[in-house]
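One structure is given below, encoded as structure tokens.
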Amino acid sequence: MSAAAPGGLIAIAGKQISRLGLGTMRLTGPGTWGWPEDRATATRVLREAVHVHGITHIDTADAYGPHTAESLIHAALHPYPPELLVATKVGMIRPAPNSWRPFGHPEYLRIAVDASLSRLGVEQLALCYLHRVAPDIPLEDQVGALRGLQLAGKIGHIGLSKVGVDQIRAAEKETTVAAVQNYLNRDEPSDPALDYCGRMGIPYVPYRPLNAGALPAPAALAWLLDLAPHIAPIPGTSSPGHLRALVNAVH
């Protein structure tokens, strides 16, 4: 594994990991649906990210595929190196390609966590995010379900995705929020949760850091890494060459 952590180091979920992570949404079929057209290349991206480039933060979700990204990660990287953080998300269902729907019923979240444990081949999800806050169920019930699973040993740390400051504060009444994952990039640079997380010591994980490829990687990633030390972006790619360019952009 590469000695230099891309982007430097950050502490998330009890691990010192690379500030540059890898998002896995692009390692699926069109519409974030099904298997990628080239599973061998998707596997290569994951293996090179960890074993060649020294990335120690892989971000995924049960909704990617659905389920295929987690299965790819298991096939490519299990048994996982001890320094690797594999973070996943639950609380989103997929009726069809390009279709996403928050679903936060506590019993569903419990079933989803068990399924992610099985697909990833682990006894505990090191970091599990609530993928979205479902509007029809009290947030405390959704976070409370994850907290119950944390107490049962099935989740190590709990994160939140696409949330505002008030939602983070409400979740903090139920559990310690280990990370917040919101969109942030130079085209969409404003998020009040960023400063709040900085004040509270919560790592902030920007998804869509390159604005779906609209931004040049070197400038976009440098902007994020220079913005604040608690930021750990997770750009995604399906290309080994593009992965190499992302890593080179932060060295």
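Ordering of the structure tokens sets the chain letters (A, B, ...); residue numbers start at 1 within each chain; ligands are numbered from 1 in the order shown.
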If you count only C-alpha atoms, which residues fall within 9 Å of A:Thr24, apart from same-chain ones fewer than 5 positions away, as a PyMOL selection string? chain A and resi 46+58-61+64+69-70+73+234-238
Using only C-alpha atoms, please write the residues we just selected to a file, as a PDB file, in the first residue's frame.
```pdb
ATOM      1  CA  LEU A  46     -11.322  -0.448  -6.015  1.00  0.00           C
ATOM      2  CA  ILE A  58     -14.280   3.845   0.605  1.00  0.00           C
ATOM      3  CA  ASP A  59     -17.807   5.271   0.629  1.00  0.00           C
ATOM      4  CA  THR A  60     -20.809   3.285  -0.577  1.00  0.00           C
ATOM      5  CA  ALA A  61     -24.528   2.724   0.045  1.00  0.00           C
ATOM      6  CA  TYR A  64     -26.057   1.937  -5.204  1.00  0.00           C
ATOM      7  CA  ALA A  69     -21.596  -1.588  -5.071  1.00  0.00           C
ATOM      8  CA  GLU A  70     -21.387  -3.236  -1.647  1.00  0.00           C
ATOM      9  CA  ILE A  73     -16.382  -3.927  -2.575  1.00  0.00           C
ATOM     10  CA  ILE A 234     -15.123  11.418  -1.852  1.00  0.00           C
ATOM     11  CA  PRO A 235     -14.976  11.867  -5.642  1.00  0.00           C
ATOM     12  CA  GLY A 236     -16.164   8.917  -7.667  1.00  0.00           C
ATOM     13  CA  THR A 237     -14.893   7.374 -10.870  1.00  0.00           C
ATOM     14  CA  SER A 238     -15.184   4.210 -12.925  1.00  0.00           C
TER      15      SER A 238
END
```
Please list as JSON, numbers by chain every residue within 10 Å of A:Val163, counting only C-alpha atoms and excluding residues in the same chain fewer than 5 positions away. {"A": [130, 131, 132, 133, 168, 180, 181, 182, 183, 191, 192, 193]}
Could the residues in this selection be saved with N, CA, C and O atoms as a compact mmCIF listing (two decimals), in the first residue's frame?
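And here is the file that came out, out_14.txt:
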```txt
# COMPACT_ATOMS: atom_id res chain seq x y z
N LEU A 130 -27.30 7.46 7.88
CA LEU A 130 -28.69 7.56 7.43
C LEU A 130 -28.65 8.29 6.11
O LEU A 130 -28.32 9.47 6.05
N HIS A 131 -28.96 7.58 5.02
CA HIS A 131 -28.75 8.11 3.67
C HIS A 131 -29.57 9.37 3.44
O HIS A 131 -29.07 10.33 2.83
N ARG A 132 -30.80 9.36 3.87
CA ARG A 132 -31.66 10.55 3.82
C ARG A 132 -32.59 10.50 5.01
O ARG A 132 -33.00 9.42 5.45
N VAL A 133 -32.99 11.66 5.50
CA VAL A 133 -34.00 11.74 6.53
C VAL A 133 -35.36 11.63 5.85
O VAL A 133 -35.75 12.52 5.08
N ILE A 168 -28.91 17.92 12.36
CA ILE A 168 -27.73 17.40 13.07
C ILE A 168 -27.92 17.55 14.57
O ILE A 168 -27.67 16.61 15.35
N VAL A 180 -20.75 13.92 8.75
CA VAL A 180 -21.86 14.46 7.96
C VAL A 180 -21.44 14.46 6.51
O VAL A 180 -20.35 14.93 6.16
N GLN A 181 -22.31 13.93 5.64
CA GLN A 181 -22.02 13.84 4.21
C GLN A 181 -23.05 14.68 3.45
O GLN A 181 -24.21 14.29 3.32
N ASN A 182 -22.63 15.85 2.98
CA ASN A 182 -23.47 16.76 2.20
C ASN A 182 -22.77 17.10 0.90
O ASN A 182 -21.57 16.89 0.77
N TYR A 183 -23.52 17.63 -0.06
CA TYR A 183 -22.85 18.06 -1.29
C TYR A 183 -22.20 19.42 -1.07
O TYR A 183 -22.72 20.30 -0.39
N ASP A 191 -22.91 25.83 2.50
CA ASP A 191 -23.63 24.87 3.34
C ASP A 191 -23.40 25.24 4.80
O ASP A 191 -22.30 25.10 5.32
N PRO A 192 -24.45 25.73 5.49
CA PRO A 192 -24.28 26.11 6.90
C PRO A 192 -23.78 24.96 7.77
O PRO A 192 -23.15 25.19 8.81
N ALA A 193 -24.04 23.72 7.35
CA ALA A 193 -23.59 22.58 8.15
C ALA A 193 -22.07 22.48 8.19
O ALA A 193 -21.51 21.91 9.13
```
If you count only C-alpha atoms, which residues fall within 12 Å of A:Pro95, apart from same-chain ones fewer than 3 positions away, as a ChimeraX atom specification? /A:31-33,63,65-66,92,98-103
With only C-alpha atoms as the atoms that count, which of A:Ile93, A:Val250, A:Leu120, A:Val45 lies nearest to A:Thr68? A:Leu120
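The residue that comes closest to A:Asp195, out of A:Ala75, A:Ala219, A:Ala96, A:Ile231 and on the basis of only C-alpha atoms, is A:Ile231.
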Shell of 12 Å around A:Val52, only C-alpha atoms, local chain residues under 3 positions omitted, as number ranges by chain: A: 1-6, 44-49, 55-56, 240, 243-244, 247
Nearest candidate to A:Glu140 (options A:Leu225, A:Glu123, A:Val165, A:Gly104; using only C-alpha atoms):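 Of all the options, A:Gly104 lies closest to A:Glu140.
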As an NGL selection string, list the residues of stretch 87-187 of chain A assigned to strand (DSSP E or B) by DSSP on the backbone atoms of this structure. :A and (87-90 or 92-93 or 101-102 or 125-130 or 155-161 or 177-181 or 183)
Would you please work out which residue, of A:His157, A:His57, A:Lys173, A:Arg39, is nearest to A:Leu85 when using only C-alpha atoms?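 Of all the options, A:His57 lies closest to A:Leu85.
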Straight-line distance linking atom CA of A:Pro81 with atom CA of A:Ala228, stated in Å to one decimal: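 We find that atom CA of A:Pro81 and atom CA of A:Ala228 lie 27.9 Å from each other.
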Among the residues of stretch 12-65 of chain A, find those DSSP assigns to helix (DSSP H, G or I) from the backbone and print them as an MDAnalysis selection string. chainID A and resid 39:51
For the residues in the current selection, export all heavy atoms as an mmCIF file, in the first residue's frame.
```
data_model
loop_
_atom_site.group_PDB
_atom_site.id
_atom_site.type_symbol
_atom_site.label_atom_id
_atom_site.label_comp_id
_atom_site.auth_asym_id
_atom_site.auth_seq_id
_atom_site.Cartn_x
_atom_site.Cartn_y
_atom_site.Cartn_z
ATOM 1 N N ARG A 39 -17.285 -5.260 -15.045
ATOM 2 C CA ARG A 39 -17.042 -5.531 -13.630
ATOM 3 C C ARG A 39 -15.556 -5.656 -13.322
ATOM 4 O O ARG A 39 -15.106 -5.318 -12.225
ATOM 5 C CB ARG A 39 -17.798 -6.791 -13.198
ATOM 6 C CG ARG A 39 -19.290 -6.566 -13.086
ATOM 7 C CD ARG A 39 -20.076 -7.840 -12.818
ATOM 8 N NE ARG A 39 -19.774 -8.438 -11.541
ATOM 9 C CZ ARG A 39 -20.495 -9.443 -11.008
ATOM 10 N NH1 ARG A 39 -21.534 -9.923 -11.675
ATOM 11 N NH2 ARG A 39 -20.176 -9.952 -9.844
ATOM 12 N N ALA A 40 -14.781 -6.135 -14.286
ATOM 13 C CA ALA A 40 -13.340 -6.279 -14.056
ATOM 14 C C ALA A 40 -12.687 -4.923 -13.831
ATOM 15 O O ALA A 40 -11.824 -4.770 -12.954
ATOM 16 C CB ALA A 40 -12.685 -6.996 -15.230
ATOM 17 N N THR A 41 -13.107 -3.908 -14.605
ATOM 18 C CA THR A 41 -12.532 -2.570 -14.430
ATOM 19 C C THR A 41 -13.003 -1.960 -13.114
ATOM 20 O O THR A 41 -12.216 -1.289 -12.421
ATOM 21 C CB THR A 41 -12.921 -1.671 -15.612
ATOM 22 O OG1 THR A 41 -12.361 -2.218 -16.809
ATOM 23 C CG2 THR A 41 -12.395 -0.259 -15.422
ATOM 24 N N ALA A 42 -14.249 -2.166 -12.738
ATOM 25 C CA ALA A 42 -14.737 -1.661 -11.452
ATOM 26 C C ALA A 42 -13.947 -2.266 -10.304
ATOM 27 O O ALA A 42 -13.564 -1.572 -9.346
ATOM 28 C CB ALA A 42 -16.226 -1.962 -11.303
ATOM 29 N N THR A 43 -13.675 -3.555 -10.403
ATOM 30 C CA THR A 43 -12.868 -4.220 -9.382
ATOM 31 C C THR A 43 -11.458 -3.642 -9.354
ATOM 32 O O THR A 43 -10.882 -3.417 -8.279
ATOM 33 C CB THR A 43 -12.820 -5.732 -9.666
ATOM 34 O OG1 THR A 43 -14.141 -6.262 -9.607
ATOM 35 C CG2 THR A 43 -11.939 -6.452 -8.658
ATOM 36 N N ARG A 44 -10.911 -3.377 -10.523
ATOM 37 C CA ARG A 44 -9.565 -2.802 -10.603
ATOM 38 C C ARG A 44 -9.519 -1.422 -9.945
ATOM 39 O O ARG A 44 -8.552 -1.104 -9.238
ATOM 40 C CB ARG A 44 -9.137 -2.716 -12.066
ATOM 41 C CG ARG A 44 -7.753 -2.131 -12.266
ATOM 42 C CD ARG A 44 -7.411 -2.002 -13.738
ATOM 43 N NE ARG A 44 -6.234 -1.163 -13.936
ATOM 44 C CZ ARG A 44 -5.849 -0.681 -15.098
ATOM 45 N NH1 ARG A 44 -6.545 -0.962 -16.197
ATOM 46 N NH2 ARG A 44 -4.770 0.080 -15.191
ATOM 47 N N VAL A 45 -10.546 -0.601 -10.165
ATOM 48 C CA VAL A 45 -10.592 0.729 -9.548
ATOM 49 C C VAL A 45 -10.523 0.606 -8.026
ATOM 50 O O VAL A 45 -9.751 1.310 -7.358
ATOM 51 C CB VAL A 45 -11.864 1.489 -9.977
ATOM 52 C CG1 VAL A 45 -12.099 2.716 -9.093
ATOM 53 C CG2 VAL A 45 -11.757 1.916 -11.438
ATOM 54 N N LEU A 46 -11.315 -0.280 -7.470
ATOM 55 C CA LEU A 46 -11.322 -0.448 -6.015
ATOM 56 C C LEU A 46 -9.970 -0.938 -5.507
ATOM 57 O O LEU A 46 -9.440 -0.413 -4.517
ATOM 58 C CB LEU A 46 -12.422 -1.432 -5.616
ATOM 59 C CG LEU A 46 -13.853 -0.909 -5.739
ATOM 60 C CD1 LEU A 46 -14.847 -2.059 -5.702
ATOM 61 C CD2 LEU A 46 -14.149 0.092 -4.634
ATOM 62 N N ARG A 47 -9.414 -1.939 -6.171
ATOM 63 C CA ARG A 47 -8.140 -2.494 -5.693
ATOM 64 C C ARG A 47 -6.997 -1.502 -5.837
ATOM 65 O O ARG A 47 -6.156 -1.378 -4.937
ATOM 66 C CB ARG A 47 -7.837 -3.785 -6.453
ATOM 67 C CG ARG A 47 -8.744 -4.938 -6.040
ATOM 68 C CD ARG A 47 -8.475 -6.199 -6.815
ATOM 69 N NE ARG A 47 -9.286 -7.299 -6.321
ATOM 70 C CZ ARG A 47 -9.511 -8.427 -6.975
ATOM 71 N NH1 ARG A 47 -8.956 -8.605 -8.177
ATOM 72 N NH2 ARG A 47 -10.262 -9.376 -6.459
ATOM 73 N N GLU A 48 -6.961 -0.774 -6.961
ATOM 74 C CA GLU A 48 -5.888 0.195 -7.131
ATOM 75 C C GLU A 48 -6.041 1.372 -6.169
ATOM 76 O O GLU A 48 -5.038 1.916 -5.685
ATOM 77 C CB GLU A 48 -5.838 0.673 -8.577
ATOM 78 C CG GLU A 48 -5.359 -0.413 -9.532
ATOM 79 C CD GLU A 48 -5.082 0.087 -10.938
ATOM 80 O OE1 GLU A 48 -5.246 1.301 -11.201
ATOM 81 O OE2 GLU A 48 -4.683 -0.748 -11.783
ATOM 82 N N ALA A 49 -7.285 1.769 -5.890
ATOM 83 C CA ALA A 49 -7.497 2.858 -4.932
ATOM 84 C C ALA A 49 -6.825 2.545 -3.603
ATOM 85 O O ALA A 49 -6.112 3.384 -3.025
ATOM 86 C CB ALA A 49 -8.990 3.096 -4.726
ATOM 87 N N VAL A 50 -7.019 1.324 -3.132
ATOM 88 C CA VAL A 50 -6.512 0.941 -1.812
ATOM 89 C C VAL A 50 -5.061 0.477 -1.879
ATOM 90 O O VAL A 50 -4.206 0.948 -1.123
ATOM 91 C CB VAL A 50 -7.415 -0.160 -1.206
ATOM 92 C CG1 VAL A 50 -6.832 -0.674 0.115
ATOM 93 C CG2 VAL A 50 -8.830 0.377 -0.995
ATOM 94 N N HIS A 51 -4.758 -0.447 -2.779
ATOM 95 C CA HIS A 51 -3.471 -1.138 -2.748
ATOM 96 C C HIS A 51 -2.368 -0.423 -3.527
ATOM 97 O O HIS A 51 -1.189 -0.685 -3.297
ATOM 98 C CB HIS A 51 -3.640 -2.561 -3.270
ATOM 99 C CG HIS A 51 -4.563 -3.392 -2.438
ATOM 100 N ND1 HIS A 51 -4.363 -3.613 -1.095
ATOM 101 C CD2 HIS A 51 -5.716 -4.048 -2.759
ATOM 102 C CE1 HIS A 51 -5.339 -4.372 -0.613
ATOM 103 N NE2 HIS A 51 -6.164 -4.647 -1.608
#
```
Find, counting only C-alpha atoms, the residue in A:Pro189, A:Gly7, A:Pro36, A:Pro138 that gets nearest to A:His230.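 Looking at the shortest contact to A:His230, the residue is A:Gly7.
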Could you list, as a ChimeraX atom specification, every residue within 12 Å of A:Arg169, counting only C-alpha atoms and ignoring same-chain residues fewer than 2 positions away? /A:139-140,143,160,163-167,171-177,180,193,196-197,200,202
Go ahead and dump the residues you just picked, C-alpha atoms, as a compact mmCIF listing (two decimals), in the first residue's frame.
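Below is the file that was written, selection.txt:
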```
# COMPACT_ATOMS: atom_id res chain seq x y z
CA LEU A 139 -35.91 11.85 12.76
CA GLU A 140 -35.41 10.62 16.31
CA VAL A 143 -31.59 7.76 14.26
CA LEU A 160 -25.91 11.64 8.53
CA VAL A 163 -28.88 17.26 6.46
CA GLY A 164 -29.17 20.75 7.84
CA VAL A 165 -27.89 22.10 11.13
CA ASP A 166 -31.21 21.60 12.93
CA GLN A 167 -31.29 17.96 11.87
CA ALA A 171 -29.69 13.63 15.90
CA GLU A 172 -27.08 14.59 18.48
CA LYS A 173 -29.75 14.15 21.15
CA GLU A 174 -29.90 10.46 20.19
CA THR A 175 -26.27 9.61 19.42
CA THR A 176 -22.82 10.96 18.62
CA VAL A 177 -22.73 12.03 14.97
CA VAL A 180 -21.86 14.46 7.96
CA ALA A 193 -23.59 22.58 8.15
CA TYR A 196 -21.32 23.87 12.37
CA CYS A 197 -19.44 20.61 11.88
CA MET A 200 -18.42 20.65 16.81
CA ILE A 202 -17.55 16.53 13.17
```
Selected residue, from A:Ser239, A:Asn248, A:Ser190, A:Asn185, that lies nearest to A:Ala220 when counting only C-alpha atoms: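 Closest candidate: A:Asn185.
For the atom pair formed by atom CA of A:Leu215 and atom CA of A:Asp187, the distance is 8.2 Å, given to one decimal.
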